[in-house]
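Participant: Supplied structure: target22.cif, mmCIF, C-alpha atoms and all ligand atoms.
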data_structure
loop_
_atom_site.group_PDB
_atom_site.id
_atom_site.type_symbol
_atom_site.label_atom_id
_atom_site.label_comp_id
_atom_site.auth_asym_id
_atom_site.auth_seq_id
_atom_site.Cartn_x
_atom_site.Cartn_y
_atom_site.Cartn_z
ATOM 1 C CA MET R 1 11.345 -22.898 13.600
ATOM 2 C CA ALA R 2 7.616 -23.423 14.190
ATOM 3 C CA THR R 3 5.980 -26.647 13.166
ATOM 4 C CA GLY R 4 2.318 -27.226 12.321
ATOM 5 C CA HIS R 5 -0.664 -24.935 12.463
ATOM 6 C CA PRO R 6 -2.381 -23.300 15.435
ATOM 7 C CA ASN R 7 -5.384 -25.164 16.826
ATOM 8 C CA LEU R 8 -8.800 -23.565 16.867
ATOM 9 C CA HIS R 9 -11.404 -24.354 19.483
ATOM 10 C CA SER R 10 -14.735 -22.615 19.061
ATOM 11 C CA PHE R 11 -17.652 -22.827 21.482
ATOM 12 C CA PRO R 12 -21.263 -21.614 21.440
ATOM 13 C CA ASN R 13 -20.758 -19.389 24.481
ATOM 14 C CA SER R 14 -18.264 -18.294 27.127
ATOM 15 C CA ASP R 15 -19.534 -20.835 29.690
ATOM 16 C CA GLU R 16 -18.621 -23.737 27.424
ATOM 17 C CA LEU R 17 -15.364 -22.056 26.462
ATOM 18 C CA ALA R 18 -14.476 -21.675 30.150
ATOM 19 C CA VAL R 19 -14.991 -25.400 30.803
ATOM 20 C CA GLN R 20 -12.501 -26.333 28.082
ATOM 21 C CA LEU R 21 -10.089 -23.533 28.956
ATOM 22 C CA ARG R 22 -9.994 -24.908 32.499
ATOM 23 C CA SER R 23 -9.026 -28.416 31.294
ATOM 24 C CA TYR R 24 -6.395 -26.944 28.991
ATOM 25 C CA VAL R 25 -4.804 -24.751 31.687
ATOM 26 C CA LEU R 26 -4.840 -27.596 34.200
ATOM 27 C CA ARG R 27 -3.235 -29.960 31.671
ATOM 28 C CA CYS R 28 -0.486 -27.342 31.246
ATOM 29 C CA GLN R 29 -0.235 -27.038 35.051
ATOM 30 C CA ASN R 30 -0.001 -30.811 35.608
ATOM 31 C CA SER R 31 2.590 -31.256 32.918
ATOM 32 C CA ALA R 32 4.685 -28.352 34.290
ATOM 33 C CA LEU R 33 4.458 -29.674 37.861
ATOM 34 C CA SER R 34 5.644 -33.092 36.743
ATOM 35 C CA ARG R 35 8.569 -31.505 34.871
ATOM 36 C CA HIS R 36 9.828 -28.998 37.413
ATOM 37 C CA GLY R 37 7.467 -28.660 40.389
ATOM 38 C CA THR R 38 6.187 -25.153 39.591
ATOM 39 C CA PHE R 39 3.791 -23.728 37.025
ATOM 40 C CA ARG R 40 5.132 -20.561 35.418
ATOM 41 C CA LEU R 41 2.636 -18.669 33.341
ATOM 42 C CA ALA R 42 2.060 -15.209 31.932
ATOM 43 C CA VAL R 43 -1.400 -13.693 31.637
ATOM 44 C CA SER R 44 -2.823 -10.752 29.732
ATOM 45 C CA GLY R 45 -5.278 -8.067 30.710
ATOM 46 C CA GLY R 46 -8.317 -6.923 28.733
ATOM 47 C CA SER R 47 -11.104 -9.480 28.486
ATOM 48 C CA LEU R 48 -8.953 -12.453 29.484
ATOM 49 C CA PRO R 49 -9.036 -12.352 33.330
ATOM 50 C CA THR R 50 -12.849 -12.576 33.425
ATOM 51 C CA VAL R 51 -13.037 -15.767 31.393
ATOM 52 C CA LEU R 52 -9.979 -17.186 33.133
ATOM 53 C CA ALA R 53 -11.674 -16.626 36.491
ATOM 54 C CA LYS R 54 -14.822 -18.327 35.232
ATOM 55 C CA ALA R 55 -12.645 -21.283 34.204
ATOM 56 C CA LEU R 56 -10.489 -21.595 37.291
ATOM 57 C CA LEU R 57 -12.990 -20.738 40.016
ATOM 58 C CA ALA R 58 -15.458 -23.387 38.823
ATOM 59 C CA THR R 59 -16.051 -26.318 41.139
ATOM 60 C CA SER R 60 -13.512 -29.109 40.703
ATOM 61 C CA ASN R 61 -14.640 -32.672 39.986
ATOM 62 C CA GLY R 62 -12.427 -33.639 42.944
ATOM 63 C CA SER R 63 -9.685 -35.380 40.985
ATOM 64 C CA PRO R 64 -6.084 -34.178 41.404
ATOM 65 C CA GLU R 65 -5.945 -33.523 37.645
ATOM 66 C CA ASP R 66 -8.860 -31.106 37.903
ATOM 67 C CA THR R 67 -7.480 -29.167 40.867
ATOM 68 C CA PRO R 68 -5.558 -25.908 40.491
ATOM 69 C CA GLN R 69 -2.534 -26.013 42.801
ATOM 70 C CA PHE R 70 -2.230 -22.247 43.076
ATOM 71 C CA SER R 71 0.525 -22.330 45.697
ATOM 72 C CA LYS R 72 2.821 -23.696 42.972
ATOM 73 C CA TRP R 73 1.907 -21.022 40.419
ATOM 74 C CA HIS R 74 4.136 -18.108 39.446
ATOM 75 C CA ILE R 75 2.006 -15.622 37.524
ATOM 76 C CA PHE R 76 3.738 -13.002 35.380
ATOM 77 C CA PHE R 77 2.077 -10.435 33.130
ATOM 78 C CA ALA R 78 2.297 -10.751 29.348
ATOM 79 C CA ASP R 79 2.028 -6.964 29.387
ATOM 80 C CA GLU R 80 1.397 -4.287 31.968
ATOM 81 C CA ARG R 81 0.506 -0.641 31.949
ATOM 82 C CA ALA R 82 2.799 1.877 33.721
ATOM 83 C CA VAL R 83 0.159 2.845 36.272
ATOM 84 C CA PRO R 84 -0.208 2.209 40.023
ATOM 85 C CA LEU R 85 -1.212 -1.350 40.884
ATOM 86 C CA ASN R 86 -4.550 -0.120 42.238
ATOM 87 C CA ASP R 87 -5.338 1.929 39.101
ATOM 88 C CA GLU R 88 -8.313 0.739 37.085
ATOM 89 C CA ASP R 89 -6.027 0.445 34.021
ATOM 90 C CA SER R 90 -3.655 -1.939 35.811
ATOM 91 C CA ASN R 91 -3.603 -5.517 34.533
ATOM 92 C CA TYR R 92 -2.446 -6.565 38.016
ATOM 93 C CA ARG R 93 -5.516 -5.001 39.569
ATOM 94 C CA LEU R 94 -7.773 -6.601 36.969
ATOM 95 C CA LEU R 95 -6.360 -10.071 37.574
ATOM 96 C CA ASN R 96 -6.534 -9.566 41.307
ATOM 97 C CA ASP R 97 -10.135 -8.327 41.264
ATOM 98 C CA GLU R 98 -11.372 -11.003 38.871
ATOM 99 C CA LEU R 99 -9.393 -14.037 40.012
ATOM 100 C CA VAL R 100 -6.709 -13.879 42.663
ATOM 101 C CA SER R 101 -8.783 -12.252 45.410
ATOM 102 C CA LYS R 102 -11.510 -14.874 44.882
ATOM 103 C CA ILE R 103 -9.359 -18.008 45.139
ATOM 104 C CA PRO R 104 -10.582 -20.131 48.070
ATOM 105 C CA THR R 105 -7.907 -20.372 50.784
ATOM 106 C CA GLU R 106 -7.734 -24.164 50.564
ATOM 107 C CA LEU R 107 -6.506 -23.928 46.948
ATOM 108 C CA GLY R 108 -3.452 -21.921 47.984
ATOM 109 C CA THR R 109 -2.124 -18.550 46.923
ATOM 110 C CA PRO R 110 -0.176 -17.960 43.703
ATOM 111 C CA ILE R 111 2.952 -15.827 43.590
ATOM 112 C CA ILE R 112 2.156 -12.780 41.494
ATOM 113 C CA HIS R 113 5.010 -10.996 39.749
ATOM 114 C CA ALA R 114 3.908 -7.359 39.597
ATOM 115 C CA ILE R 115 5.822 -4.405 38.148
ATOM 116 C CA ASP R 116 7.905 -2.250 40.483
ATOM 117 C CA GLU R 117 5.609 0.610 41.518
ATOM 118 C CA LYS R 118 8.583 2.871 42.311
ATOM 119 C CA HIS R 119 9.134 3.396 38.583
ATOM 120 C CA ILE R 120 5.609 3.875 37.289
ATOM 121 C CA GLY R 121 6.026 7.666 37.220
ATOM 122 C CA ASP R 122 9.204 7.596 35.098
ATOM 123 C CA ASP R 123 8.963 9.468 31.788
ATOM 124 C CA ASP R 124 10.426 6.456 30.043
ATOM 125 C CA PRO R 125 9.169 3.005 31.135
ATOM 126 C CA GLN R 126 12.506 1.408 30.140
ATOM 127 C CA GLU R 127 13.621 1.011 33.777
ATOM 128 C CA LEU R 128 10.286 -0.644 34.549
ATOM 129 C CA ALA R 129 10.864 -3.071 31.665
ATOM 130 C CA ASP R 130 14.458 -3.764 32.750
ATOM 131 C CA LEU R 131 13.394 -4.502 36.327
ATOM 132 C CA TYR R 132 10.656 -6.831 35.122
ATOM 133 C CA GLN R 133 13.181 -8.594 32.911
ATOM 134 C CA GLU R 134 15.405 -9.041 35.984
ATOM 135 C CA ASP R 135 12.451 -10.609 37.792
ATOM 136 C CA LEU R 136 12.096 -13.084 34.909
ATOM 137 C CA MET R 137 15.817 -13.804 35.087
ATOM 138 C CA ARG R 138 15.525 -14.668 38.782
ATOM 139 C CA GLU R 139 12.829 -17.183 37.920
ATOM 140 C CA PHE R 140 14.147 -18.571 34.623
ATOM 141 C CA ALA R 141 17.949 -18.156 35.024
ATOM 142 C CA ALA R 142 20.144 -15.306 33.955
ATOM 143 C CA LYS R 143 19.910 -13.960 30.426
ATOM 144 C CA ASP R 144 23.526 -14.874 29.748
ATOM 145 C CA SER R 145 22.857 -18.512 30.659
ATOM 146 C CA VAL R 146 19.579 -19.054 28.790
ATOM 147 C CA LYS R 147 18.717 -17.317 25.559
ATOM 148 C CA LEU R 148 15.014 -17.098 26.343
ATOM 149 C CA PRO R 149 12.739 -17.911 29.282
ATOM 150 C CA ALA R 150 10.447 -20.900 28.699
ATOM 151 C CA PHE R 151 7.046 -20.136 30.188
ATOM 152 C CA ASP R 152 4.899 -23.220 30.714
ATOM 153 C CA LEU R 153 1.935 -21.257 29.387
ATOM 154 C CA ILE R 154 1.235 -17.775 28.054
ATOM 155 C CA LEU R 155 -2.399 -16.662 27.949
ATOM 156 C CA LEU R 156 -3.038 -13.952 25.391
ATOM 157 C CA GLY R 157 -5.795 -11.672 24.232
ATOM 158 C CA CYS R 158 -6.189 -10.303 20.727
ATOM 159 C CA GLY R 159 -7.265 -6.688 20.312
ATOM 160 C CA PRO R 160 -9.613 -5.606 17.499
ATOM 161 C CA ASP R 161 -6.524 -4.249 15.673
ATOM 162 C CA GLY R 162 -4.684 -7.591 15.993
ATOM 163 C CA HIS R 163 -2.406 -6.517 18.841
ATOM 164 C CA THR R 164 -1.419 -8.957 21.520
ATOM 165 C CA CYS R 165 0.481 -8.271 24.754
ATOM 166 C CA SER R 166 1.404 -4.601 24.147
ATOM 167 C CA LEU R 167 2.769 -5.442 20.702
ATOM 168 C CA PHE R 168 0.902 -3.235 18.254
ATOM 169 C CA PRO R 169 0.655 -3.520 14.450
ATOM 170 C CA GLY R 170 3.536 -1.960 12.533
ATOM 171 C CA HIS R 171 5.552 -1.146 15.652
ATOM 172 C CA ALA R 172 9.343 -1.499 15.724
ATOM 173 C CA LEU R 173 9.028 -3.616 18.908
ATOM 174 C CA LEU R 174 7.849 -6.467 16.699
ATOM 175 C CA ARG R 175 11.430 -6.734 15.423
ATOM 176 C CA GLU R 176 12.981 -6.925 18.917
ATOM 177 C CA LYS R 177 15.251 -9.961 19.005
ATOM 178 C CA ASP R 178 17.270 -9.542 22.176
ATOM 179 C CA ALA R 179 15.253 -8.139 25.095
ATOM 180 C CA TRP R 180 12.817 -10.337 27.024
ATOM 181 C CA VAL R 181 10.752 -7.374 28.181
ATOM 182 C CA ALA R 182 10.384 -4.129 26.222
ATOM 183 C CA ALA R 183 9.038 -0.662 26.964
ATOM 184 C CA GLU R 184 6.263 0.975 24.948
ATOM 185 C CA THR R 185 6.047 4.744 25.284
ATOM 186 C CA ASN R 186 3.297 5.591 22.841
ATOM 187 C CA SER R 187 0.706 2.831 22.746
ATOM 188 C CA PRO R 188 -2.127 3.579 20.294
ATOM 189 C CA LYS R 189 -4.486 2.228 22.958
ATOM 190 C CA PRO R 190 -4.418 4.117 26.267
ATOM 191 C CA PRO R 191 -2.659 4.214 28.602
ATOM 192 C CA PRO R 192 0.389 5.081 26.437
ATOM 193 C CA LYS R 193 3.193 3.804 28.679
ATOM 194 C CA ARG R 194 3.477 0.065 29.054
ATOM 195 C CA ILE R 195 5.846 -2.861 29.241
ATOM 196 C CA THR R 196 5.460 -6.064 27.276
ATOM 197 C CA LEU R 197 6.980 -9.487 26.764
ATOM 198 C CA THR R 198 8.663 -9.556 23.366
ATOM 199 C CA LEU R 199 7.695 -11.785 20.456
ATOM 200 C CA PRO R 200 10.651 -14.216 20.874
ATOM 201 C CA VAL R 201 9.648 -14.788 24.518
ATOM 202 C CA VAL R 202 6.016 -15.388 23.593
ATOM 203 C CA THR R 203 6.786 -17.852 20.809
ATOM 204 C CA HIS R 204 9.358 -19.689 22.967
ATOM 205 C CA ALA R 205 6.706 -20.670 25.551
ATOM 206 C CA ILE R 206 5.801 -24.338 25.819
ATOM 207 C CA SER R 207 2.114 -23.587 25.263
ATOM 208 C CA ILE R 208 0.373 -20.421 24.123
ATOM 209 C CA ALA R 209 -3.376 -19.788 24.171
ATOM 210 C CA PHE R 210 -5.385 -16.904 22.790
ATOM 211 C CA VAL R 211 -8.843 -16.211 24.127
ATOM 212 C CA ALA R 212 -10.976 -14.118 21.771
ATOM 213 C CA THR R 213 -14.718 -13.780 22.088
ATOM 214 C CA GLY R 214 -17.546 -11.750 20.607
ATOM 215 C CA GLY R 215 -18.502 -10.576 17.134
ATOM 216 C CA GLY R 216 -16.200 -7.563 17.537
ATOM 217 C CA LYS R 217 -13.218 -9.868 16.940
ATOM 218 C CA LYS R 218 -14.571 -11.464 13.753
ATOM 219 C CA GLU R 219 -13.055 -9.096 11.184
ATOM 220 C CA ILE R 220 -9.580 -9.132 12.712
ATOM 221 C CA LEU R 221 -9.611 -12.917 13.088
ATOM 222 C CA LYS R 222 -10.444 -13.214 9.383
ATOM 223 C CA GLN R 223 -7.333 -11.157 8.639
ATOM 224 C CA ILE R 224 -5.113 -13.002 11.117
ATOM 225 C CA PHE R 225 -5.994 -16.355 9.592
ATOM 226 C CA ASP R 226 -5.782 -15.095 6.018
ATOM 227 C CA LEU R 227 -2.140 -15.907 5.382
ATOM 228 C CA GLU R 228 -1.586 -12.935 3.094
ATOM 229 C CA GLU R 229 -3.819 -10.109 4.278
ATOM 230 C CA GLY R 230 -3.023 -10.113 7.986
ATOM 231 C CA SER R 231 0.311 -11.894 8.042
ATOM 232 C CA SER R 232 2.186 -9.014 9.677
ATOM 233 C CA LEU R 233 -0.317 -8.498 12.510
ATOM 234 C CA PRO R 234 1.173 -9.214 15.950
ATOM 235 C CA SER R 235 -1.263 -12.057 16.704
ATOM 236 C CA ALA R 236 -0.514 -13.614 13.304
ATOM 237 C CA LEU R 237 3.223 -13.401 14.046
ATOM 238 C CA VAL R 238 2.628 -15.476 17.186
ATOM 239 C CA ASN R 239 0.812 -18.071 15.057
ATOM 240 C CA GLN R 240 3.680 -18.119 12.561
ATOM 241 C CA GLY R 241 6.400 -18.245 15.212
ATOM 242 C CA ALA R 242 4.849 -20.891 17.448
ATOM 243 C CA GLY R 243 2.737 -23.048 15.061
ATOM 244 C CA ASP R 244 0.970 -25.928 16.755
ATOM 245 C CA LYS R 245 2.009 -24.775 20.228
ATOM 246 C CA VAL R 246 -0.756 -22.177 19.809
ATOM 247 C CA SER R 247 -4.416 -22.818 20.682
ATOM 248 C CA TRP R 248 -7.213 -20.347 20.057
ATOM 249 C CA PHE R 249 -10.228 -20.435 22.369
ATOM 250 C CA THR R 250 -13.041 -18.547 20.701
ATOM 251 C CA ASP R 251 -16.788 -18.378 20.679
ATOM 252 C CA HIS R 252 -18.838 -18.857 17.522
ATOM 253 C CA PRO R 253 -19.521 -15.106 16.939
ATOM 254 C CA ALA R 254 -15.758 -14.372 16.923
ATOM 255 C CA VAL R 255 -15.021 -16.895 14.158
ATOM 256 C CA ASP R 256 -18.097 -16.488 12.005
ATOM 257 C CA GLY R 257 -16.732 -16.723 8.441
ATOM 258 C CA VAL R 258 -13.121 -17.336 9.510
ATOM 259 C CA SER R 259 -11.331 -20.191 7.772
ATOM 260 C CA PHE R 260 -8.782 -21.897 9.973
ATOM 261 C CA PRO R 261 -6.107 -24.253 8.701
ATOM 262 C CA ARG R 262 -6.797 -26.717 11.492
ATOM 263 C CA ARG R 263 -9.717 -27.154 13.851
ATOM 264 C CA GLY R 264 -8.414 -28.842 16.976
ATOM 265 C CA SER R 265 -10.000 -31.432 19.197
ATOM 266 C CA LEU R 266 -9.783 -31.242 22.962
HETATM 267 O O1 LIG F 301 -4.455 -3.426 26.071
HETATM 268 C C1 LIG F 301 -4.603 -4.633 26.128
HETATM 269 O O2 LIG F 301 -5.420 -5.259 25.232
HETATM 270 C C2 LIG F 301 -5.251 -6.650 24.912
HETATM 271 C C3 LIG F 301 -6.539 -7.138 24.261
HETATM 272 O O3 LIG F 301 -7.630 -6.886 25.122
HETATM 273 P P1 LIG F 301 -9.091 -7.450 24.833
HETATM 274 O O4 LIG F 301 -9.957 -6.709 25.828
HETATM 275 O O5 LIG F 301 -9.430 -7.126 23.417
HETATM 276 O O6 LIG F 301 -9.060 -8.902 25.155
HETATM 277 C C4 LIG F 301 -4.859 -7.449 26.133
HETATM 278 O O7 LIG F 301 -4.580 -8.770 25.769
HETATM 279 C C5 LIG F 301 -3.651 -6.785 26.779
HETATM 280 O O8 LIG F 301 -3.188 -7.530 27.892
HETATM 281 C C6 LIG F 301 -4.053 -5.413 27.238
HETATM 282 O O9 LIG F 301 -2.999 -4.725 27.901
#
Show how you would write the structure in this file as structure tokens.
Ligand SMILES: O=C1O[C@H](COP(=O)(O)O)[C@@H](O)[C@H](O)[C@H]1O
Facilitator:
Amino acid sequence: MATGHPNLHSFPNSDELAVQLRSYVLRCQNSALSRHGTFRLAVSGGSLPTVLAKALLATSNGSPEDTPQFSKWHIFFADERAVPLNDEDSNYRLLNDELVSKIPTELGTPIIHAIDEKHIGDDDPQELADLYQEDLMREFAAKDSVKLPAFDLILLGCGPDGHTCSLFPGHALLREKDAWVAAETNSPKPPPKRITLTLPVVTHAISIAFVATGGGKKEILKQIFDLEEGSSLPSALVNQGAGDKVSWFTDHPAVDGVSFPRRGSL
């Protein structure tokens, strides 16, 4: 059962957002490393990797707290498209182009958990989802020994229709209770075949952050934070399921006119 309300952080521009996103991610990293020696996170595609790269590739102030220890990171994908890893629609490729390929050698190399390319051509992406779930099980223990994997951090985007991961409004996948990773065969946003973490996995994470910027997100954010109007939207379901574990990093244009239950301090 979720406690509290999501936290909102709103900044004048993406540069200032990136500074605070960096501190937040590194606080999650440092806390995870002190708990279990690795930092296990899931990242989204879309607009997220660009701002994440701006945050993490910035110059450190030299303190251990402000230093990404990438060699201890395991990066999974909150969702992925069933396309080759070098396809321009691939979230793996996007993250690699924006961030991973630009990490200075001295900061180490993260382990990236990509989908199995052998199954991208399958008519049904179910096998792709099952194999990705097995990868999670290797990292987080078998599904019959833990009910859900506990990511240290999940970084999410929010589409203009309120989707997050590849969980789209009104879709039956939103009711999935058992699987950790699910297949989507008919996404309303191309490409149609995808895999996605399920809602129980997302809300079970220790920390969850949305990054949403630009005036194009304003109308959907109004709905998401209006407890009646948008309460069944996927991003709103994350808010409801995870409460104060959720932080929203936005810029001012994205939240113009949005009333949030709680404005957080960093
Ligand atoms: O299709 C997708 O879209 C969402 C939202 O993207 P954004 O560009 O509006 O930030 C993204 O979070 C997801 O990973 C991606 O597959």
Participant: Adding 8 Å on each side of the box along x, y and z that holds all listed atoms of ligand LIG 301 (chain F), could you give its centre and edge lengths in Å to one decimal, as JSON?
Facilitator:
{"center_x": -6.5, "center_y": -6.2, "center_z": 25.7, "size_x": 23.0, "size_y": 21.5, "size_z": 20.5}
Participant: Place a sphere of radius 7 Å on (-5.5, -23.8, 39.4) in the file coordinates and name every protein, DNA or RNA residue with an atom inside or on its surface, counting all atoms listed in the file; give the answer as number ranges by chain.
Facilitator: R: 26, 56, 67-70
Participant: For the contact check between chain R and ligand LIG 301 (chain F), emit one row per residue of chain R within 7 Å, containing the shortest atom pair and the distance in Å rounded to one decimal, counting all atoms listed in the file, chain then rising number order, as a tab-separated table.
Facilitator:
residue	atom	partner	partner_atom	distance
R:Ser44	CA	F:LIG301	O8	3.7
R:Gly45	CA	F:LIG301	O8	3.5
R:Gly46	CA	F:LIG301	O4	3.3
R:Ser47	CA	F:LIG301	O6	4.0
R:Leu48	CA	F:LIG301	O6	5.6
R:Ala78	CA	F:LIG301	O8	6.5
R:Asp79	CA	F:LIG301	O8	5.5
R:Glu80	CA	F:LIG301	O9	6.0
R:Arg81	CA	F:LIG301	O9	6.7
R:Asn91	CA	F:LIG301	O9	6.7
R:Leu156	CA	F:LIG301	O7	5.4
R:Gly157	CA	F:LIG301	O7	3.5
R:Cys158	CA	F:LIG301	C3	4.8
R:Gly159	CA	F:LIG301	O5	3.8
R:Pro160	CA	F:LIG301	O5	6.1
R:His163	CA	F:LIG301	C2	6.7
R:Thr164	CA	F:LIG301	O7	5.3
R:Cys165	CA	F:LIG301	C5	4.8
R:Ser166	CA	F:LIG301	O9	5.8
R:Lys189	CA	F:LIG301	O1	6.5
R:Ala212	CA	F:LIG301	O6	6.5
Participant: Near Phe39 (chain R), counting all atoms listed in the file, which residues have an atom at most 6 Å away, once you skip same-chain residues fewer than 2 positions from it, shown as number ranges by chain?
Facilitator: R: 29, 32, 73
Participant: Mind giving me the straight-line distance from CA of Thr196 (chain R) to CA of Ala242 (chain R) in Å, one decimal?
Facilitator: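 Those two atoms sit 17.8 Å apart.
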Participant: Excluding Leu173 (chain R) and residues on its chain fewer than 5 positions from it, collect all residues at most 9 Å away from it, counting only C-alpha atoms, and give them as an MDAnalysis selection string.
Facilitator: chainID R and resid 167:168 182:184 198:199
Participant: How would the residues just chosen look if you wrote them out with C-alpha atoms as an mmCIF file, keeping the file's coordinate frame?
Facilitator:
data_model
loop_
_atom_site.group_PDB
_atom_site.id
_atom_site.type_symbol
_atom_site.label_atom_id
_atom_site.label_comp_id
_atom_site.auth_asym_id
_atom_site.auth_seq_id
_atom_site.Cartn_x
_atom_site.Cartn_y
_atom_site.Cartn_z
ATOM 1 C CA LEU R 167 2.769 -5.442 20.702
ATOM 2 C CA PHE R 168 0.902 -3.235 18.254
ATOM 3 C CA ALA R 182 10.384 -4.129 26.222
ATOM 4 C CA ALA R 183 9.038 -0.662 26.964
ATOM 5 C CA GLU R 184 6.263 0.975 24.948
ATOM 6 C CA THR R 198 8.663 -9.556 23.366
ATOM 7 C CA LEU R 199 7.695 -11.785 20.456
#
Participant: Between R:Leu17, R:Ala55, R:Leu99, R:Ile195, single out the one closest to Ala114 (chain R), counting only C-alpha atoms.
Facilitator: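 Using only C-alpha atoms, Ala114 (chain R) sits closest to R:Ile195.
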Participant: Would you write out, as JSON, numbers by chain, every residue that the PyMOL selection byres (((chain R and resi 208) around 6) and not hetatm) captures in this file?
Facilitator: {"R": [153, 154, 207, 209, 246]}
Participant: Write to file, as a short mmCIF file (atom, residue, chain, number, x, y, z; two decimals), in the frame of the given file, the residues of the selection just made, with C-alpha atoms.
Facilitator:
data_model
loop_
_atom_site.label_atom_id
_atom_site.label_comp_id
_atom_site.auth_asym_id
_atom_site.auth_seq_id
_atom_site.Cartn_x
_atom_site.Cartn_y
_atom_site.Cartn_z
CA LEU R 153 1.94 -21.26 29.39
CA ILE R 154 1.24 -17.77 28.05
CA SER R 207 2.11 -23.59 25.26
CA ALA R 209 -3.38 -19.79 24.17
CA VAL R 246 -0.76 -22.18 19.81
#
Participant: Would you please work out which residue, of R:Ser231, R:Thr185, R:Thr250, R:Ser34, is nearest to Lys217 (chain R) when using all atoms listed in the file?
Facilitator: R:Thr250
Participant: Tell me which residues the PyMOL selection byres (((chain R and resi 201) around 12) and not hetatm) grabs here, as a VMD selection string.
Facilitator: chain R and resid 41 to 42 78 to 79 133 136 140 143 146 to 154 165 174 176 to 182 196 to 200 202 to 208 238 241 to 242
Participant: Can you tell me, as a list in words, which residues sit within 12 Å of (-23.4, -8.6, 17.1) in the file's frame, using all atoms listed in the file?
Facilitator: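 These residues have at least one counted atom within 12 Å: Thr213, Gly214, Gly215, Gly216, Lys217, Lys218, Glu219, His252, Pro253, Ala254 and Asp256 of chain R.
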Participant: Using the chain letters and numbers from this file, what does the PyMOL selection byres (((chain R and resi 74) around 7) and not hetatm) select? Give the answer as a PDB file with C-alpha atoms, keeping the file's coordinate frame.
Facilitator:
ATOM      1  CA  PHE R  39       3.791 -23.728  37.025  1.00  0.00           C
ATOM      2  CA  ARG R  40       5.132 -20.561  35.418  1.00  0.00           C
ATOM      3  CA  LEU R  41       2.636 -18.669  33.341  1.00  0.00           C
ATOM      4  CA  LYS R  72       2.821 -23.696  42.972  1.00  0.00           C
ATOM      5  CA  TRP R  73       1.907 -21.022  40.419  1.00  0.00           C
ATOM      6  CA  ILE R  75       2.006 -15.622  37.524  1.00  0.00           C
ATOM      7  CA  PHE R  76       3.738 -13.002  35.380  1.00  0.00           C
ATOM      8  CA  PRO R 110      -0.176 -17.960  43.703  1.00  0.00           C
ATOM      9  CA  ILE R 111       2.952 -15.827  43.590  1.00  0.00           C
ATOM     10  CA  ILE R 112       2.156 -12.780  41.494  1.00  0.00           C
TER      11      ILE R 112
END
Participant: Closest to Phe210 (chain R) among R:Trp248, R:Phe225, R:Phe77, R:Phe11, using all atoms listed in the file?
Facilitator: R:Trp248
Participant: From the set R:Leu95, R:Leu52, R:Ala58, R:Val19, which residue has the shortest atom-to-atom contact distance to Val211 (chain R), counting all atoms listed in the file?
Facilitator: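 Answer, going by the shortest atom-to-atom distance: R:Leu52.
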Participant: Quick one: pull the distance between CA of Asp122 (chain R) and CA of Glu88 (chain R), Å, one decimal.
Facilitator: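 Taking CA of Asp122 (chain R) and CA of Glu88 (chain R), their separation equals 18.9 Å.
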Participant: State, in Å with one decimal place, the distance from CA of Asp135 (chain R) to CA of Ala2 (chain R).
Facilitator: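 About the pair CA of Asp135 (chain R) and CA of Ala2 (chain R): they are 27.3 Å apart.
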Participant: Compare R:Ser90, R:Ser10, R:Asn186, R:Thr105 by their minimum atom-to-atom distance to Ser71 (chain R), counting only C-alpha atoms, and give me the closest one.
Facilitator: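 For Ser71 (chain R), the nearest of the given residues is R:Thr105.
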Participant: Find the residue from R:Ser247, R:Ser259, R:Thr3, R:Ser23 that sits nearest to Lys222 (chain R); use only C-alpha atoms when measuring.
Facilitator: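 Among the listed residues, R:Ser259 lies closest to Lys222 (chain R).
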Participant: Identify, on the basis of all atoms listed in the file, every residue whose closest approach to Ser232 (chain R) does not exceed 9 Å; exclude the query and any residue fewer than 5 positions from it along the same chain; express the result as a list in words.
Facilitator: Pro169, Gly170, Ile224 and Leu237 of chain R
Participant: Let's have the selection written as an mmCIF file, in the coordinates of the input, with C-alpha atoms.
Facilitator:
data_model
loop_
_atom_site.group_PDB
_atom_site.id
_atom_site.type_symbol
_atom_site.label_atom_id
_atom_site.label_comp_id
_atom_site.auth_asym_id
_atom_site.auth_seq_id
_atom_site.Cartn_x
_atom_site.Cartn_y
_atom_site.Cartn_z
ATOM 1 C CA PRO R 169 0.655 -3.520 14.450
ATOM 2 C CA GLY R 170 3.536 -1.960 12.533
ATOM 3 C CA ILE R 224 -5.113 -13.002 11.117
ATOM 4 C CA LEU R 237 3.223 -13.401 14.046
#
Participant: Generate N, CA, C and O atoms for region 251-255 of chain R and emit them as a PDB file, in the coordinates of the input.
Facilitator:
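Output contents, as saved in rebuild_4.pdb:
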ATOM      1  N   ASP R 251     -15.384 -17.990  20.752  1.00  0.00           N
ATOM      2  CA  ASP R 251     -16.788 -18.378  20.679  1.00  0.00           C
ATOM      3  C   ASP R 251     -17.228 -18.261  19.220  1.00  0.00           C
ATOM      4  O   ASP R 251     -16.505 -17.717  18.380  1.00  0.00           O
ATOM      5  N   HIS R 252     -18.403 -18.819  18.925  1.00  0.00           N
ATOM      6  CA  HIS R 252     -18.838 -18.857  17.522  1.00  0.00           C
ATOM      7  C   HIS R 252     -18.908 -17.459  16.897  1.00  0.00           C
ATOM      8  O   HIS R 252     -18.451 -17.275  15.764  1.00  0.00           O
ATOM      9  N   PRO R 253     -19.450 -16.426  17.593  1.00  0.00           N
ATOM     10  CA  PRO R 253     -19.521 -15.106  16.939  1.00  0.00           C
ATOM     11  C   PRO R 253     -18.149 -14.571  16.518  1.00  0.00           C
ATOM     12  O   PRO R 253     -18.026 -13.888  15.504  1.00  0.00           O
ATOM     13  N   ALA R 254     -17.093 -14.913  17.251  1.00  0.00           N
ATOM     14  CA  ALA R 254     -15.758 -14.372  16.923  1.00  0.00           C
ATOM     15  C   ALA R 254     -15.170 -15.008  15.668  1.00  0.00           C
ATOM     16  O   ALA R 254     -14.260 -14.431  15.065  1.00  0.00           O
ATOM     17  N   VAL R 255     -15.645 -16.203  15.306  1.00  0.00           N
ATOM     18  CA  VAL R 255     -15.021 -16.895  14.158  1.00  0.00           C
ATOM     19  C   VAL R 255     -16.007 -17.111  13.020  1.00  0.00           C
ATOM     20  O   VAL R 255     -15.744 -17.903  12.114  1.00  0.00           O
TER      21      VAL R 255
END
